[in-house]
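Below is one structure, written out as structure tokens, with a few remarks after it.
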Amino acid sequence: MAPVRVRFAPSPTGMLHVGNARTALFNWLFARGQEPGSVFVLRVEDTDVERSEEKHELQLMEDLLWLGLRWDEGPVTGGPYAPYRQSERLAVYARHTEQLLTERKAYRCFCTVEELEADRELALATHQPQNYVGRCRAIPLEESTARAAAGESFAVRLRIPEHPLRFHDLVRGPVEFPHETISDPVLVRSGNLKEPGTPVYNYVVTVDDALMGITHVIRGDDHISNTPRQVAIYEAFDWQVPEFAHLSTILGADRERLSKRHGATSVASFRDMGILPEALVNYLALLGWGPAGGDREIFSAEELVQAFQLERVTASPAVFDWDKLHYLNRHYLKTGDPARMLELAWPFFTGAGLLPPRGATPPEIRGWAASLLALFLHSVNQLDELPARAGFLFAFDPASIQADPENAAILASEGAQRVLAAFESRLAAYTGPVTAEIFKQWMNEIKVETGIKGKDLFHPVRIALTGAHSGPEFDKLLPVIEHGAEVPLPTPVLSVRERIRAFAGPGSQQA
Ligand code: GLU
């Protein structure tokens, strides 16, 4: 196949939604997997001046770059078909409107809002389709030009041809719309020669796709019903109709269209909760696409490029599955470069007041933070869970540990008291940090001395140290506690000695 040209054409009216991110990804994967010379275009569809904002444009570019989806042509980047912002292409559209009017493929519609409203009501009352009645379709061009020159307001409508409108969809196969169902669409909204009306989405998207040489239009299936109108515009200009691929809607678990109601939906919100970009890319790729011959789920971006085929995209809606996203995120958290993971995790600890800002941190804290992260990284679905997971190290509060009835019952048992007292007596005769080796040795001694073993032996110690019934293994946990107690942290970490003493020492909660 010859090189392809595809585009992602977001409107900068809000945050980049995951559905749109998936559209961008499928475009990117398709382009990168085709012949060298294939191009991924970013085009900003900002003709809705009321709702488009520069900050949204910047954010969406940032989100695309975060996901690793670099475009070859686009705003800022430039390219042979610049400008790539629709608000900067109004003269191009105006020129093409003139062409359509002169060739009588389009006509000026002078109908007033009241007339159109009356038509609509009549159609409703007589159960007729709400197509434009065609009042202005036959106005001769000379008359129409004269009325426009005299200052009359008009919209520009396309003459829908009298044959079915057809296109090929790589996901859905051949699609055909009977022309009778399609009203002559407005291409340019009402305006006059002094204050021209604004061109509509269906029109500008088609002009741009054609002029920019787009070979495959890959986008959400909410645009299927727009496509016949776009096909009619291609035909009016004698342009070749591209291939289409309409991607299925993404649904929430309740099978309703994925929306804010379902929680996070913007790319930025996934980033803010500590989902890694490689996990989101891997996840979004599997949303409506699957590799040939197998149920493999882990794919790097490069592997996706190799495996991706537009033909394998399913037409049925894809259901957003948090468990799968978390599964993939855990995979990438575990296998990622530890230094990068630390860099990404750091702001979450800083945000919770547990670590100073990374830039201002002395090396000894950095070293300790790396061991802190190693202790908990494997147990979280997303990075924002880390502060809560690690919280017990910082916020050691014997009273609240005791306040849990289950903890209180265990700590008050006779066996637990004996274990903790034996631990405390060893601490009293020892000054250094409690290493994993010493801990092991002491617990063996205490086992022999008290005759208490297994869960009854270890459980009270874990509760005294962490306030929880489960958590990291002792030999990994103890060094982090002991080392943490030595580094100057915004929220200090108490040592093993201080923790045990709170429950077993003189003046402890037990007394
Ligand atoms: N600006 C349109 C959107 O964001 C683009 C649709 C298309 O790709 O044609 O939905």
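Convention: chains lettered A, B, ... in structure tokens order; per-chain residue numbering from 1; ligands numbered from 1 as shown.
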Which protein, DNA or RNA residues have an atom within 9 Å of ligand 1, counting only C-alpha atoms and all ligand atoms, as a ChimeraX atom specification? /A:7-13,20,23,43-46,201-202,205-206,209,217-220,222-223,226-227
Got a sec to tell me which of region 229-336 of chain A DSSP assigns to helix (DSSP H, G or I), as number ranges by chain? A: 229-237, 260-262, 267-272, 277-285, 301-307, 310-312, 322-335
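Interatomic distance, CA of Asn27 (chain A) to CA of Gly290 (chain A): 15.6 Å.
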Do you have, as JSON lines, the list of residues of region 129-225 of chain A lying at most 7 Å from region 236-250 of chain A, each with its nearest atom pair and that distance in Å to one decimal, counting only C-alpha atoms and ordered by chain then number?
```
{"residue": "A:His168", "atom": "CA", "partner": "A:Glu243", "partner_atom": "CA", "distance": 5.8}
{"residue": "A:Asp169", "atom": "CA", "partner": "A:Phe244", "partner_atom": "CA", "distance": 4.6}
{"residue": "A:Leu170", "atom": "CA", "partner": "A:Ala245", "partner_atom": "CA", "distance": 5.0}
{"residue": "A:Val171", "atom": "CA", "partner": "A:Ala245", "partner_atom": "CA", "distance": 5.4}
{"residue": "A:Ala210", "atom": "CA", "partner": "A:Trp239", "partner_atom": "CA", "distance": 6.9}
{"residue": "A:Ile214", "atom": "CA", "partner": "A:Pro242", "partner_atom": "CA", "distance": 7.0}
{"residue": "A:Thr215", "atom": "CA", "partner": "A:Pro242", "partner_atom": "CA", "distance": 5.1}
{"residue": "A:His216", "atom": "CA", "partner": "A:Glu243", "partner_atom": "CA", "distance": 4.7}
{"residue": "A:Val217", "atom": "CA", "partner": "A:Phe244", "partner_atom": "CA", "distance": 4.7}
{"residue": "A:Ile218", "atom": "CA", "partner": "A:Ala245", "partner_atom": "CA", "distance": 4.7}
{"residue": "A:Arg219", "atom": "CA", "partner": "A:His246", "partner_atom": "CA", "distance": 5.2}
{"residue": "A:Gly220", "atom": "CA", "partner": "A:Leu247", "partner_atom": "CA", "distance": 4.7}
{"residue": "A:Asp221", "atom": "CA", "partner": "A:His246", "partner_atom": "CA", "distance": 4.6}
{"residue": "A:Ile224", "atom": "CA", "partner": "A:His246", "partner_atom": "CA", "distance": 6.9}
```
Kindly save the residues from that selection, with C-alpha atoms included, as a CSV table (one decimal), in the first residue's frame.
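Saved the output as part-v7.csv:
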```csv
chain,number,residue,atom,x,y,z
A,168,HIS,CA,-16.5,2.5,2.5
A,169,ASP,CA,-15.9,2.0,6.1
A,170,LEU,CA,-13.0,-0.3,7.1
A,171,VAL,CA,-14.7,-1.2,10.3
A,210,ALA,CA,-9.3,16.8,0.8
A,214,ILE,CA,-6.1,12.6,3.9
A,215,THR,CA,-6.4,9.0,2.7
A,216,HIS,CA,-8.1,7.5,5.7
A,217,VAL,CA,-10.5,9.2,8.1
A,218,ILE,CA,-10.4,7.4,11.4
A,219,ARG,CA,-12.8,8.9,14.0
A,220,GLY,CA,-15.6,8.2,16.4
A,221,ASP,CA,-18.8,6.6,15.2
A,224,ILE,CA,-21.3,8.3,10.8
```
Neighbouring residues of Ile446 (chain A) were defined as those with any atom within 7 Å, considering only C-alpha atoms; residues of the same chain fewer than 4 positions away were excluded. Please report them as a PyMOL selection string. chain A and resi 419+422+442+450
Same residues, N, CA, C and O atoms, output as a short mmCIF file (atom, residue, chain, number, x, y, z; two decimals), in the first residue's frame:
```
data_model
loop_
_atom_site.label_atom_id
_atom_site.label_comp_id
_atom_site.auth_asym_id
_atom_site.auth_seq_id
_atom_site.Cartn_x
_atom_site.Cartn_y
_atom_site.Cartn_z
N VAL A 419 5.14 -11.21 74.05
CA VAL A 419 6.00 -11.05 72.87
C VAL A 419 6.57 -9.64 72.82
O VAL A 419 7.78 -9.45 72.64
N ALA A 422 9.16 -9.02 75.49
CA ALA A 422 10.43 -9.67 75.18
C ALA A 422 11.18 -8.88 74.10
O ALA A 422 12.40 -8.74 74.15
N TRP A 442 16.08 -12.25 66.96
CA TRP A 442 15.26 -11.97 68.15
C TRP A 442 13.94 -12.74 68.11
O TRP A 442 13.51 -13.29 69.11
N THR A 450 9.11 -17.82 74.76
CA THR A 450 7.69 -17.72 75.15
C THR A 450 6.87 -18.92 74.72
O THR A 450 5.75 -19.10 75.18
#
```
